Amino acid sequence: METIEFVVKRIVTLVLSEEHYGRLRSLWSRFWRYATGSALTAVFSQLVLFLVFSVLRLENAKDAAITATLAGAVPSYFINRYWAWGKKSPSSLRREVVPYVLMAVTGLVFSTWFVDFSHSHASFLGTSRLTTDIVVQGSYLLSFVILWFGKFAFMHKWLFRSEPVMTSSH
């Protein structure tokens, strides 16, 4: 009895070489680790937003979105770097940390704008606090869903890419 993985490998290798299959499998594995890490940090950030904006009412929608995004950015970096991309070496400030911060700031600006815009137009759906909370929570989550694939591509192709192995010619 053949396992599902073996059957899939046989089908894919009819079209692709073993090497391409291995790369595709590695990319798929990395993508799922990224997806899992993203889900964990999204839940964490969403919880921070929920507590700060909806439960404790400490901040307005825009400031709460900023707080939630900043709270999730740090664990997201480490989950992605060490777990999804398997980096073991020390972080490079110039090559990894600064570009990651720029990517995180882009996400922060976009999510903050999206939440603020949605919040300012939430009255279209009604004026209850519950409606406003649902709009703010939903727009915050949707903003990160929109950015999600772009972030994966950026981290995979540029931020956490493996350095090419140099082979000696002698």
# chains A, B, ... in the order shown; residues from 1 in each chain; ligands from 1
call {"tool": "residues_around", "arguments": {"residues": "A:Ser91", "least_positions_apart": "3", "cutoff": "10 Å", "atoms": "only C-alpha atoms", "output": "JSON, numbers by chain"}}
result
{"A": [78, 81, 82, 87, 88, 94, 95, 96, 97, 160]}
call {"tool": "write_last_selection", "arguments": {"atoms": "N, CA and C atoms", "output": "PDB file, in the first residue's frame"}}
result
ATOM      1  N   PHE A  78      10.825  36.438  15.232  1.00  0.00           N
ATOM      2  CA  PHE A  78      11.542  35.268  15.739  1.00  0.00           C
ATOM      3  C   PHE A  78      10.912  33.958  15.270  1.00  0.00           C
ATOM      4  N   ARG A  81      11.919  33.757  11.486  1.00  0.00           N
ATOM      5  CA  ARG A  81      13.356  33.577  11.254  1.00  0.00           C
ATOM      6  C   ARG A  81      13.833  32.198  11.707  1.00  0.00           C
ATOM      7  N   TYR A  82      13.507  31.847  12.935  1.00  0.00           N
ATOM      8  CA  TYR A  82      14.059  30.619  13.507  1.00  0.00           C
ATOM      9  C   TYR A  82      13.250  29.378  13.146  1.00  0.00           C
ATOM     10  N   LYS A  87      16.627  29.627  10.377  1.00  0.00           N
ATOM     11  CA  LYS A  87      17.903  30.328  10.539  1.00  0.00           C
ATOM     12  C   LYS A  87      18.436  30.069  11.939  1.00  0.00           C
ATOM     13  N   LYS A  88      19.701  29.723  12.015  1.00  0.00           N
ATOM     14  CA  LYS A  88      20.329  29.442  13.307  1.00  0.00           C
ATOM     15  C   LYS A  88      21.413  30.468  13.662  1.00  0.00           C
ATOM     16  N   ARG A  94      21.761  44.755   9.412  1.00  0.00           N
ATOM     17  CA  ARG A  94      21.605  45.398   8.099  1.00  0.00           C
ATOM     18  C   ARG A  94      20.785  44.541   7.136  1.00  0.00           C
ATOM     19  N   ARG A  95      21.024  43.249   7.099  1.00  0.00           N
ATOM     20  CA  ARG A  95      20.411  42.391   6.096  1.00  0.00           C
ATOM     21  C   ARG A  95      19.044  41.833   6.494  1.00  0.00           C
ATOM     22  N   GLU A  96      18.772  41.730   7.801  1.00  0.00           N
ATOM     23  CA  GLU A  96      17.519  41.129   8.242  1.00  0.00           C
ATOM     24  C   GLU A  96      16.664  42.047   9.116  1.00  0.00           C
ATOM     25  N   VAL A  97      17.253  42.589  10.164  1.00  0.00           N
ATOM     26  CA  VAL A  97      16.450  43.345  11.136  1.00  0.00           C
ATOM     27  C   VAL A  97      15.884  44.626  10.523  1.00  0.00           C
ATOM     28  N   PHE A 160      15.021  36.240   4.381  1.00  0.00           N
ATOM     29  CA  PHE A 160      15.598  35.068   5.035  1.00  0.00           C
ATOM     30  C   PHE A 160      16.133  34.044   4.044  1.00  0.00           C
TER      31      PHE A 160
END
call {"tool": "closest_residue", "arguments": {"among": "A:Val145, A:Ile79, A:Leu108, A:Val55", "to": "A:Arg129", "atoms": "only C-alpha atoms"}}
result
A:Val55
call {"tool": "closest_residue", "arguments": {"among": "A:Ser111, A:Thr41, A:Ser26, A:Thr132", "to": "A:Val74", "atoms": "only C-alpha atoms"}}
result
A:Thr41
call {"tool": "atom_distance", "arguments": {"atom1": "atom CA of A:Trp28", "atom2": "atom CA of A:Ala68"}}
result
28.7 Å
call {"tool": "closest_residue", "arguments": {"among": "A:Trp85, A:Thr69, A:Ala104, A:Leu147", "to": "A:Gln46", "atoms": "only C-alpha atoms"}}
result
A:Thr69
call {"tool": "closest_residue", "arguments": {"among": "A:Ser143, A:Ser45, A:Ser38, A:Thr3", "to": "A:Gly107", "atoms": "only C-alpha atoms"}}
result
A:Ser143
call {"tool": "residues_around", "arguments": {"residues": "A:Trp113", "least_positions_apart": "6", "cutoff": "10 Å", "atoms": "only C-alpha atoms", "output": "PDB file with N, CA, C and O atoms, in the first residue's frame"}}
result
ATOM      1  N   LYS A  62      -7.439  53.575  16.079  1.00  0.00           N
ATOM      2  CA  LYS A  62      -6.156  53.720  15.390  1.00  0.00           C
ATOM      3  C   LYS A  62      -4.988  53.394  16.316  1.00  0.00           C
ATOM      4  O   LYS A  62      -4.102  52.617  15.960  1.00  0.00           O
ATOM      5  N   ALA A  65      -4.817  49.697  17.112  1.00  0.00           N
ATOM      6  CA  ALA A  65      -4.260  48.918  15.999  1.00  0.00           C
ATOM      7  C   ALA A  65      -2.731  49.016  15.991  1.00  0.00           C
ATOM      8  O   ALA A  65      -2.042  48.027  15.729  1.00  0.00           O
ATOM      9  N   ILE A  66      -2.206  50.185  16.293  1.00  0.00           N
ATOM     10  CA  ILE A  66      -0.750  50.363  16.368  1.00  0.00           C
ATOM     11  C   ILE A  66      -0.182  49.505  17.495  1.00  0.00           C
ATOM     12  O   ILE A  66       0.803  48.781  17.308  1.00  0.00           O
ATOM     13  N   GLY A 107       3.344  47.260   7.120  1.00  0.00           N
ATOM     14  CA  GLY A 107       2.140  46.587   7.608  1.00  0.00           C
ATOM     15  C   GLY A 107       1.427  47.415   8.671  1.00  0.00           C
ATOM     16  O   GLY A 107       0.199  47.494   8.684  1.00  0.00           O
ATOM     17  N   HIS A 119     -13.188  52.293  10.784  1.00  0.00           N
ATOM     18  CA  HIS A 119     -13.815  52.824  11.991  1.00  0.00           C
ATOM     19  C   HIS A 119     -14.592  54.106  11.680  1.00  0.00           C
ATOM     20  O   HIS A 119     -15.699  54.300  12.158  1.00  0.00           O
ATOM     21  N   SER A 139     -11.662  44.611  10.250  1.00  0.00           N
ATOM     22  CA  SER A 139     -10.779  45.343   9.336  1.00  0.00           C
ATOM     23  C   SER A 139      -9.317  45.137   9.703  1.00  0.00           C
ATOM     24  O   SER A 139      -8.456  45.078   8.827  1.00  0.00           O
ATOM     25  N   TYR A 140      -9.034  45.002  10.988  1.00  0.00           N
ATOM     26  CA  TYR A 140      -7.656  44.741  11.410  1.00  0.00           C
ATOM     27  C   TYR A 140      -7.197  43.386  10.875  1.00  0.00           C
ATOM     28  O   TYR A 140      -6.115  43.272  10.279  1.00  0.00           O
ATOM     29  N   SER A 143      -6.792  43.440   7.033  1.00  0.00           N
ATOM     30  CA  SER A 143      -5.597  44.154   6.554  1.00  0.00           C
ATOM     31  C   SER A 143      -4.384  43.229   6.521  1.00  0.00           C
ATOM     32  O   SER A 143      -3.565  43.295   5.606  1.00  0.00           O
TER      33      SER A 143
END
call {"tool": "select_by_dssp", "arguments": {"residues": "chain A", "states": "helix (DSSP H, G or I)", "output": "PyMOL selection string"}}
result
chain A and resi 4-15+18-55+61-84+93-120+122-124+129-159
call {"tool": "closest_residue", "arguments": {"among": "A:Ser123, A:Thr131, A:Ser89, A:Ser118", "to": "A:Ala61", "atoms": "only C-alpha atoms"}}
result
A:Ser118
call {"tool": "residues_around", "arguments": {"residues": "A:Asp133", "least_positions_apart": "3", "cutoff": "9 Å", "atoms": "only C-alpha atoms", "output": "VMD selection string"}}
result
chain A and resid 50 53 to 54 61 119 128 to 130 136 to 138
call {"tool": "closest_residue", "arguments": {"among": "A:Tyr34, A:Phe114, A:Phe124, A:Phe144", "to": "A:Gly86", "atoms": "only C-alpha atoms"}}
result
A:Tyr34
call {"tool": "atom_distance", "arguments": {"atom1": "atom CA of A:Phe44", "atom2": "atom CA of A:Ser76"}}
result
10.0 Å
